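Here's protein_8.cif, which has mmCIF, C-alpha atoms and all ligand atoms:
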data_model
loop_
_atom_site.label_atom_id
_atom_site.label_comp_id
_atom_site.auth_asym_id
_atom_site.auth_seq_id
_atom_site.Cartn_x
_atom_site.Cartn_y
_atom_site.Cartn_z
CA MET A 1 10.86 20.76 11.02
CA LYS A 2 13.05 22.59 8.56
CA LYS A 3 11.57 25.52 6.70
CA ASN A 4 11.62 24.99 2.97
CA GLU A 5 13.37 28.32 2.45
CA LYS A 6 16.81 29.61 1.58
CA ALA A 7 19.14 31.12 4.15
CA ILE A 8 22.48 32.88 3.96
CA VAL A 9 24.95 32.75 6.83
CA VAL A 10 27.52 35.48 7.42
CA PHE A 11 30.49 33.20 7.90
CA SER A 12 34.00 33.92 9.14
CA GLY A 13 35.11 30.40 10.00
CA GLY A 14 35.10 31.23 13.71
CA GLN A 15 33.34 29.47 16.57
CA ASP A 16 30.27 31.70 16.53
CA SER A 17 29.55 31.76 12.82
CA THR A 18 30.25 28.03 12.47
CA THR A 19 27.72 27.34 15.23
CA CYS A 20 25.31 29.60 13.31
CA LEU A 21 25.99 27.59 10.17
CA PHE A 22 24.91 24.41 11.97
CA TRP A 23 21.90 26.29 13.40
CA ALA A 24 20.91 27.29 9.86
CA LEU A 25 21.32 23.72 8.60
CA GLU A 26 18.89 22.62 11.34
CA HIS A 27 16.31 25.24 10.36
CA PHE A 28 16.39 25.67 6.59
CA THR A 29 16.48 23.32 3.63
CA GLU A 30 18.88 25.48 1.64
CA VAL A 31 21.90 27.15 3.23
CA VAL A 32 24.67 29.19 1.65
CA ALA A 33 27.55 31.01 3.32
CA VAL A 34 29.15 34.38 2.66
CA THR A 35 32.62 35.42 3.82
CA PHE A 36 34.03 38.91 3.59
CA ASP A 37 37.61 39.39 2.54
CA TYR A 38 38.82 42.69 3.98
CA ASN A 39 42.52 41.79 4.01
CA GLN A 40 42.15 40.68 7.57
CA ARG A 41 45.30 40.28 9.58
CA HIS A 42 45.22 36.57 8.91
CA ALA A 43 44.45 35.33 5.42
CA ILE A 44 44.13 31.93 7.09
CA GLU A 45 40.67 33.09 8.24
CA ILE A 46 39.45 32.89 4.65
CA GLU A 47 41.18 29.51 4.15
CA CYS A 48 39.57 28.20 7.30
CA ALA A 49 36.10 29.36 6.17
CA LYS A 50 36.70 27.73 2.77
CA ALA A 51 37.79 24.44 4.32
CA ILE A 52 34.63 24.25 6.45
CA THR A 53 32.20 25.07 3.63
CA ASP A 54 34.01 22.58 1.33
CA ASP A 55 33.79 19.96 4.03
CA LEU A 56 30.07 20.55 4.62
CA GLN A 57 29.45 21.00 0.87
CA ILE A 58 27.89 24.40 1.30
CA GLU A 59 27.79 26.98 -1.48
CA HIS A 60 30.28 29.65 -0.44
CA HIS A 61 30.55 33.23 -1.65
CA ILE A 62 33.64 35.27 -0.84
CA LEU A 63 33.13 38.99 -1.30
CA ASP A 64 35.91 41.51 -1.67
CA MET A 65 35.54 44.10 1.08
CA THR A 66 39.03 45.53 1.01
CA LEU A 67 37.39 48.96 1.00
CA LEU A 68 36.80 48.40 4.70
CA ASN A 69 40.51 47.94 5.28
CA GLN A 70 41.19 51.19 3.46
CA LEU A 71 38.59 53.05 5.54
CA ALA A 72 39.24 51.58 8.95
CA PRO A 73 42.82 50.75 9.89
CA ASN A 74 42.66 48.71 13.10
CA ALA A 75 44.11 45.73 14.92
CA LEU A 76 42.20 43.22 12.81
CA THR A 77 43.32 44.74 9.54
CA ARG A 78 46.86 45.95 10.29
CA SER A 79 49.58 43.77 11.72
CA ASN A 80 51.36 46.81 13.21
CA ILE A 81 48.42 47.63 15.50
CA ALA A 82 48.33 45.56 18.69
CA VAL A 83 45.19 43.74 19.85
CA LYS A 84 44.17 45.46 23.08
CA ASN A 85 41.12 45.47 25.30
CA GLY A 86 39.49 48.87 25.63
CA GLU A 87 40.37 50.72 28.82
CA ASP A 88 38.09 53.08 30.77
CA GLY A 89 35.06 52.34 28.61
CA ALA A 90 36.94 52.82 25.32
CA LEU A 91 36.33 50.37 22.48
CA PRO A 92 39.00 47.68 21.97
CA SER A 93 41.59 48.15 19.19
CA THR A 94 39.80 45.37 17.28
CA PHE A 95 36.73 47.55 16.67
CA VAL A 96 36.13 48.19 12.96
CA PRO A 97 33.58 50.99 12.67
CA GLY A 98 30.63 50.07 10.47
CA ARG A 99 31.74 46.48 9.95
CA ASN A 100 28.43 44.77 10.68
CA LEU A 101 26.51 47.56 8.97
CA LEU A 102 28.47 46.89 5.78
CA PHE A 103 28.66 43.10 6.08
CA LEU A 104 24.94 42.69 6.72
CA SER A 105 24.04 45.17 3.99
CA PHE A 106 26.15 43.26 1.46
CA ALA A 107 24.75 39.98 2.77
CA GLY A 108 21.29 41.47 2.15
CA ILE A 109 22.19 42.39 -1.42
CA LEU A 110 23.52 38.88 -2.03
CA ALA A 111 20.40 37.42 -0.41
CA TYR A 112 18.31 39.47 -2.84
CA GLN A 113 20.34 38.20 -5.82
CA ILE A 114 20.17 34.53 -4.88
CA GLY A 115 16.59 34.58 -3.60
CA ALA A 116 17.33 33.96 0.07
CA ARG A 117 14.90 35.32 2.62
CA HIS A 118 16.83 34.56 5.80
CA ILE A 119 20.11 36.13 6.89
CA ILE A 120 21.94 34.62 9.85
CA THR A 121 24.65 36.34 11.83
CA GLY A 122 26.52 35.29 14.95
CA VAL A 123 26.53 38.70 16.63
CA CYS A 124 26.03 38.61 20.35
CA GLU A 125 25.15 41.31 22.84
CA THR A 126 26.22 39.29 25.89
CA ASP A 127 29.97 39.58 25.43
CA PHE A 128 29.94 42.26 22.76
CA SER A 129 33.06 44.07 24.05
CA GLY A 130 31.15 47.31 23.61
CA TYR A 131 30.84 46.96 19.82
CA PRO A 132 27.69 49.01 19.07
CA ASP A 133 26.92 47.07 15.89
CA CYS A 134 26.55 43.79 17.80
CA ARG A 135 23.52 45.04 19.70
CA ASP A 136 20.06 43.62 19.18
CA GLN A 137 18.64 47.09 18.63
CA PHE A 138 21.05 47.77 15.78
CA ILE A 139 20.22 44.46 14.08
CA LYS A 140 16.47 45.10 14.32
CA SER A 141 16.91 48.58 12.93
CA LEU A 142 19.03 47.32 10.04
CA ASN A 143 16.49 44.58 9.31
CA VAL A 144 13.83 47.26 8.79
CA THR A 145 16.18 49.30 6.63
CA LEU A 146 17.13 46.37 4.41
CA ASN A 147 13.50 45.43 3.89
CA LEU A 148 12.57 49.00 3.00
CA SER A 149 15.57 49.43 0.71
CA MET A 150 14.87 46.33 -1.38
CA GLU A 151 11.17 45.69 -0.73
CA ARG A 152 11.87 42.17 0.45
CA PRO A 153 10.69 40.48 3.65
CA PHE A 154 14.18 39.57 4.85
CA VAL A 155 14.49 38.13 8.33
CA ILE A 156 17.79 38.59 10.14
CA HIS A 157 18.35 35.79 12.67
CA THR A 158 20.77 36.13 15.57
CA PRO A 159 20.77 32.73 17.31
CA LEU A 160 23.60 33.73 19.66
CA MET A 161 22.37 37.22 20.60
CA TRP A 162 21.63 36.45 24.27
CA LEU A 163 24.00 33.53 24.84
CA ASN A 164 27.30 33.56 26.68
CA LYS A 165 30.25 31.59 25.31
CA ALA A 166 29.43 28.51 27.41
CA GLU A 167 25.89 28.49 26.00
CA THR A 168 27.24 28.83 22.47
CA TRP A 169 29.36 25.69 23.07
CA ALA A 170 26.21 24.01 24.45
CA MET A 171 24.38 24.83 21.23
CA ALA A 172 27.14 23.26 19.11
CA ASP A 173 27.02 20.21 21.38
CA ASP A 174 23.22 19.96 20.99
CA PHE A 175 23.81 19.66 17.25
CA GLY A 176 26.46 16.98 17.90
CA LYS A 177 29.11 19.36 16.59
CA LEU A 178 31.14 20.37 19.62
CA ASP A 179 34.31 18.60 18.50
CA TYR A 180 33.85 19.85 14.96
CA VAL A 181 33.59 23.47 16.11
CA ARG A 182 36.44 23.01 18.56
CA ASN A 183 38.85 21.52 16.02
CA LYS A 184 38.03 23.24 12.74
CA THR A 185 37.31 26.86 13.60
CA LEU A 186 39.54 29.88 14.02
CA THR A 187 38.83 32.49 16.68
CA CYS A 188 42.38 33.35 17.76
CA TYR A 189 43.69 36.85 17.00
CA ASN A 190 47.07 35.24 16.33
CA GLY A 191 45.67 33.08 13.56
CA ILE A 192 45.97 29.66 15.19
CA ILE A 193 43.14 27.20 14.40
CA ALA A 194 41.29 25.14 17.06
CA ASP A 195 42.37 25.91 20.63
CA GLY A 196 44.49 28.85 19.41
CA CYS A 197 47.41 30.61 21.10
CA GLY A 198 45.63 30.53 24.46
CA GLU A 199 46.75 34.05 25.28
CA CYS A 200 44.89 36.61 23.17
CA PRO A 201 41.52 38.04 24.36
CA ALA A 202 39.60 35.91 21.82
CA CYS A 203 41.29 32.68 22.97
CA GLU A 204 40.70 33.56 26.61
CA LEU A 205 36.99 34.10 26.02
CA ARG A 206 36.67 30.94 23.95
CA MET A 207 38.57 28.76 26.42
CA GLN A 208 36.75 30.15 29.48
CA GLY A 209 33.42 29.40 27.82
CA LEU A 210 34.47 25.90 26.85
CA ASN A 211 35.80 25.06 30.33
CA HIS A 212 32.69 26.48 31.91
CA TYR A 213 30.46 24.42 29.62
CA LEU A 214 32.44 21.18 30.04
CA GLN A 215 32.43 21.57 33.85
CA GLU A 216 28.67 22.09 33.85
CA LYS A 217 28.18 19.07 31.63
CA MET A 218 30.20 16.87 33.98
CA SER A 219 28.37 17.97 37.12
ZN ZN A 301 44.76 33.44 20.48
#
Is it possible to give me this structure as structure tokens?
Amino acid sequence: MKKNEKAIVVFSGGQDSTTCLFWALEHFTEVVAVTFDYNQRHAIEIECAKAITDDLQIEHHILDMTLLNQLAPNALTRSNIAVKNGEDGALPSTFVPGRNLLFLSFAGILAYQIGARHIITGVCETDFSGYPDCRDQFIKSLNVTLNLSMERPFVIHTPLMWLNKAETWAMADDFGKLDYVRNKTLTCYNGIIADGCGECPACELRMQGLNHYLQEKMS
């Protein structure tokens, strides 16, 4: 049964947030999406998000967050910084300090304005690459803060929090959307839609998860 309430999905056009979009459509009667434009390395990310929301006929807000780019030069925002995994416990070069803090706070403000109670984000602690703002504890803490700051009973939902990539593919498949997510989303750090470049850390994670899931499904 869908709840007769309004939900807003933090949406990047990637595998995780697209799966969350389908999750939201299963759970709430009214769903809108919000995408943050922080001059990411690949403007195609925004185009990809737009194409999906157009296709699914979902109200789509794109918010200018270029301030984040100004504050936090990093591999996702500057093309002259290489994408690298963190070594010896260091955070990867793709870490943008405060990103989820800002994104979810702005999503909360938008939720207030449009009368949405539910906020959905695809953050995940399982393969969180050490990003502190993907942890469950952070999300719960921010949920309390948002509610106190605006006196609204917002609920932040994190459907992927404890899933690995294979389980995220399984969720998309449960909704009958595996091929959709596989073919229309962008996860690749090199800006290639669908199966991507196959070589960057994001593609590796995505492909490993998909292979793992498909193998399990066959057996
Ligand atoms: Zn790639």
With only C-alpha atoms and all ligand atoms counted, collect every polymer residue having an atom within 6 Å of ligand ZN 301 (chain A); state the result as a list in words.
Cys188, Tyr189, Asn190, Gly196, Cys197, Gly198, Glu199, Cys200, Ala202 and Cys203 of chain A
Report as a tab-separated table the residues of range 154-192 of chain A within 12 Å of range 53-69 of chain A, each with its shortest atom pair and distance in Å (one decimal), using only C-alpha atoms, ordered by chain and increasing residue number.
residue	atom	partner	partner_atom	distance
A:Tyr180	CA	A:Asp55	CA	10.9
A:Lys184	CA	A:Asp55	CA	10.2
A:Thr185	CA	A:Thr53	CA	11.3
note - CA of Gly209 in chain A and CA of Ile193 in chain A are separated by 16.7 Å
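Distances from A:Ala107, A:Ala43, A:Leu142, A:Ala172 to Glu26 in chain A were compared using all atoms listed in the file, and the smallest one belongs to A:Ala172.
Of the residues under consideration (A:Thr18, A:Phe154, A:Gln137, A:Val10), A:Thr18 shows the shortest atom-to-atom contact distance to Arg182 in chain A when counting only C-alpha atoms.
Among the candidate residues A:Cys134, A:Leu160, A:Ala170, A:Val31, the one lying nearest to Ala116 in chain A is A:Val31, with distances computed using all atoms listed in the file.
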**Asked** Counting only C-alpha atoms, which residues come within 8 Å of (16.4, 32.5, 6.6), with the point read in the file's coordinates, and could you list them as a PyMOL selection string?
**Response** chain A and resi 5-8+24+28+116-120+154-157
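The spacing separating CA of Met171 in chain A from CA of Pro97 in chain A amounts to 29.0 Å.
Interatomic distance, CA of Ile139 in chain A to CA of Ile114 in chain A: 21.4 Å.
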- Surrounding residues of Val123 in chain A excluding itself and chain neighbours under 3 positions, 8 Å, all atoms listed in the file, as a list of chain:residue names: A:Asp16, A:Phe128, A:Cys134, A:Arg135, A:Thr158, A:Leu160, A:Met161
